[in-house]
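Written out below as structure tokens is the structure these notes cover.
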Amino acid sequence: MAKTPRGHQERLKAVEILLLWEGRVSRPRLAEIFDVHGTVLSRDMAAYADLVPDICQYDTGARAYVVTPYARPQLTNGHFSEYEALVGTLALRGLRAGVELVSAQQHATQIQHGPFSRIHAAIRECKQIQIEYRSLTNPDAHERTIRPHAFIQAGPRWHVRAYCDRAKEFRDFNLGRISRVDDPAQSLLAEAREDQAWDTQITLRLIPHPRLNAAQVQLVRDEYMAGTVARAFEVRLPVSKYLVQAYRAAIDTSRQLPPDFILAVHEPSELPPGALL
């Protein structure tokens, strides 16, 4: 690869990452990530297509470059962490201008770009997909037909929110337990607007664990709550349980004790069903 300015190299890698993990890349999509002129982004995509001609082709209808069946990582390693660093932690982008940022968060499962991009396409195109899945209640690989509508990042794991034809309800599917994803197909299954739990916003409050002493309570308030009595989150109902897990907040304060738990869910019995399980 010829030597190019660092910003151009980063954008070329971004083009490849989006192609591998989302199945296509367009100028508006790149503009969500890079604050440069649209003409520059168009040139970047064209430069990548010339550099690696087998990985993508231009779709005039979609006005985007779409991935081909022969796509393999060329400028990147093809790791999910690269995709997450590009789009999954954009809130931290301001810390990356000349300073080192190290995260202790590691993924517990391997996620492949082929299956992920098919799920991404199904969400984008409002289609259904057939997957091969395993769960703790049914650990043998089995087929399910789902209509996905959102991804959920939950600590070291990622899930996809989808209507399951087998269960006849909306559920979360762990991406690490999906072993096969077929191409998206037209669907008559329930769509995102019918997911009432997903559209339900709740207020989740975290407080210092009641078994802490006064000095410890003040420490936790200063650390997590800006000195106030609680930390409140407005969150989608199905996502609240992942937030509780991420903060390691106690639900049953008689059993989940400090120092393993220094936070607690405020009045968990008042939360609607599905908020904590």
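Chain labels A, B, ... are given in the sequence in which chains occur in the structure tokens; within each chain residues are numbered consecutively from 1, and ligands are likewise numbered from 1 in the order shown.
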Practice prompt. Please return as an MDAnalysis selection string: the residues of segment 39-268 of chain A that backbone DSSP assigns to helix (DSSP H, G or I).
Written response: chainID A and resid 39:51 80:88 90:96 113:125 175:177 192:194 214:224 237:246 268
Worksheet item: Leaving out Val265 of chain A and any residue of its chain fewer than 2 positions from it, which residues lie within 7 Å of it when counting only C-alpha atoms, given as a PyMOL selection string?
Response: chain A and resi 205-207+249-251+267-268
Worksheet entry | Coordinates-based distance that separates atom CA of Ile152 of chain A from atom CA of Ala226 of chain A (Å, one decimal) | 26.9 Å
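Omitting segment 153-164 of chain A and its sequence neighbours fewer than 3 positions away, and counting only C-alpha atoms, the residues within 6 Å are A:Gln106, A:His107, A:Ala108, A:Ile146, A:Arg147, A:Pro148, A:His149, A:Ala150, A:Ala167, A:Lys168, A:Glu169, A:Phe170, A:Arg171, A:Asp172, A:Phe173, A:Asn174, A:Leu175, A:Tyr242.
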Would you mind exporting the chosen residues as a short mmCIF file (atom, residue, chain, number, x, y, z; two decimals), in the first residue's frame, restricted to N, CA and C atoms?
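Resulting contents of part34.cif:
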```
data_model
loop_
_atom_site.label_atom_id
_atom_site.label_comp_id
_atom_site.auth_asym_id
_atom_site.auth_seq_id
_atom_site.Cartn_x
_atom_site.Cartn_y
_atom_site.Cartn_z
N GLN A 106 -13.28 -6.53 27.70
CA GLN A 106 -12.91 -7.49 26.68
C GLN A 106 -14.14 -8.30 26.29
N HIS A 107 -14.21 -8.70 25.02
CA HIS A 107 -15.35 -9.46 24.57
C HIS A 107 -15.23 -10.91 24.99
N ALA A 108 -16.33 -11.48 25.45
CA ALA A 108 -16.33 -12.85 25.94
C ALA A 108 -16.51 -13.85 24.80
N ILE A 146 -36.06 -15.30 12.98
CA ILE A 146 -36.24 -14.09 13.78
C ILE A 146 -36.32 -12.87 12.85
N ARG A 147 -36.93 -11.81 13.37
CA ARG A 147 -36.93 -10.52 12.67
C ARG A 147 -36.27 -9.50 13.59
N PRO A 148 -34.99 -9.22 13.37
CA PRO A 148 -34.25 -8.34 14.29
C PRO A 148 -34.53 -6.87 14.03
N HIS A 149 -34.39 -6.06 15.08
CA HIS A 149 -34.58 -4.62 14.88
C HIS A 149 -33.58 -3.75 15.63
N ALA A 150 -32.71 -4.34 16.48
CA ALA A 150 -31.74 -3.51 17.18
C ALA A 150 -30.63 -4.38 17.75
N ALA A 167 -40.81 -18.58 19.56
CA ALA A 167 -41.31 -18.19 20.88
C ALA A 167 -42.56 -17.33 20.80
N LYS A 168 -42.83 -16.76 19.61
CA LYS A 168 -43.98 -15.87 19.40
C LYS A 168 -43.90 -14.64 20.30
N GLU A 169 -42.70 -14.12 20.47
CA GLU A 169 -42.51 -12.91 21.25
C GLU A 169 -41.15 -12.29 20.93
N PHE A 170 -40.96 -11.06 21.38
CA PHE A 170 -39.68 -10.40 21.21
C PHE A 170 -38.71 -10.88 22.28
N ARG A 171 -37.47 -11.16 21.86
CA ARG A 171 -36.45 -11.65 22.77
C ARG A 171 -35.09 -11.07 22.40
N ASP A 172 -34.11 -11.24 23.32
CA ASP A 172 -32.73 -10.87 23.05
C ASP A 172 -31.94 -12.14 22.74
N PHE A 173 -31.15 -12.09 21.67
CA PHE A 173 -30.34 -13.23 21.28
C PHE A 173 -28.87 -12.86 21.37
N ASN A 174 -28.12 -13.67 22.13
CA ASN A 174 -26.70 -13.45 22.32
C ASN A 174 -25.97 -13.75 21.01
N LEU A 175 -25.24 -12.76 20.49
CA LEU A 175 -24.55 -12.96 19.21
C LEU A 175 -23.53 -14.10 19.28
N TYR A 242 -29.31 -5.15 31.68
CA TYR A 242 -27.90 -5.10 31.32
C TYR A 242 -27.19 -3.96 32.04
#
```
Worksheet item: What lies within 12 Å of Thr39 of chain A using only C-alpha atoms, ignoring chain neighbours under 3 positions off, as a PyMOL selection string?
Response: chain A and resi 26-28+30-31+35-36+42-46
Go through segment 95-185 of chain A residue by residue and, counting only C-alpha atoms, keep those with an atom at most 8 Å from segment 76-88 of chain A; for each kept residue give the shortest atom pair and its distance in Å to one decimal, ordered by chain and increasing number, as JSON lines.
```
{"residue": "A:Gln110", "atom": "CA", "partner": "A:Phe80", "partner_atom": "CA", "distance": 7.8}
{"residue": "A:Ile111", "atom": "CA", "partner": "A:Phe80", "partner_atom": "CA", "distance": 6.1}
{"residue": "A:Gln112", "atom": "CA", "partner": "A:Phe80", "partner_atom": "CA", "distance": 7.1}
{"residue": "A:His113", "atom": "CA", "partner": "A:Gly78", "partner_atom": "CA", "distance": 7.2}
```
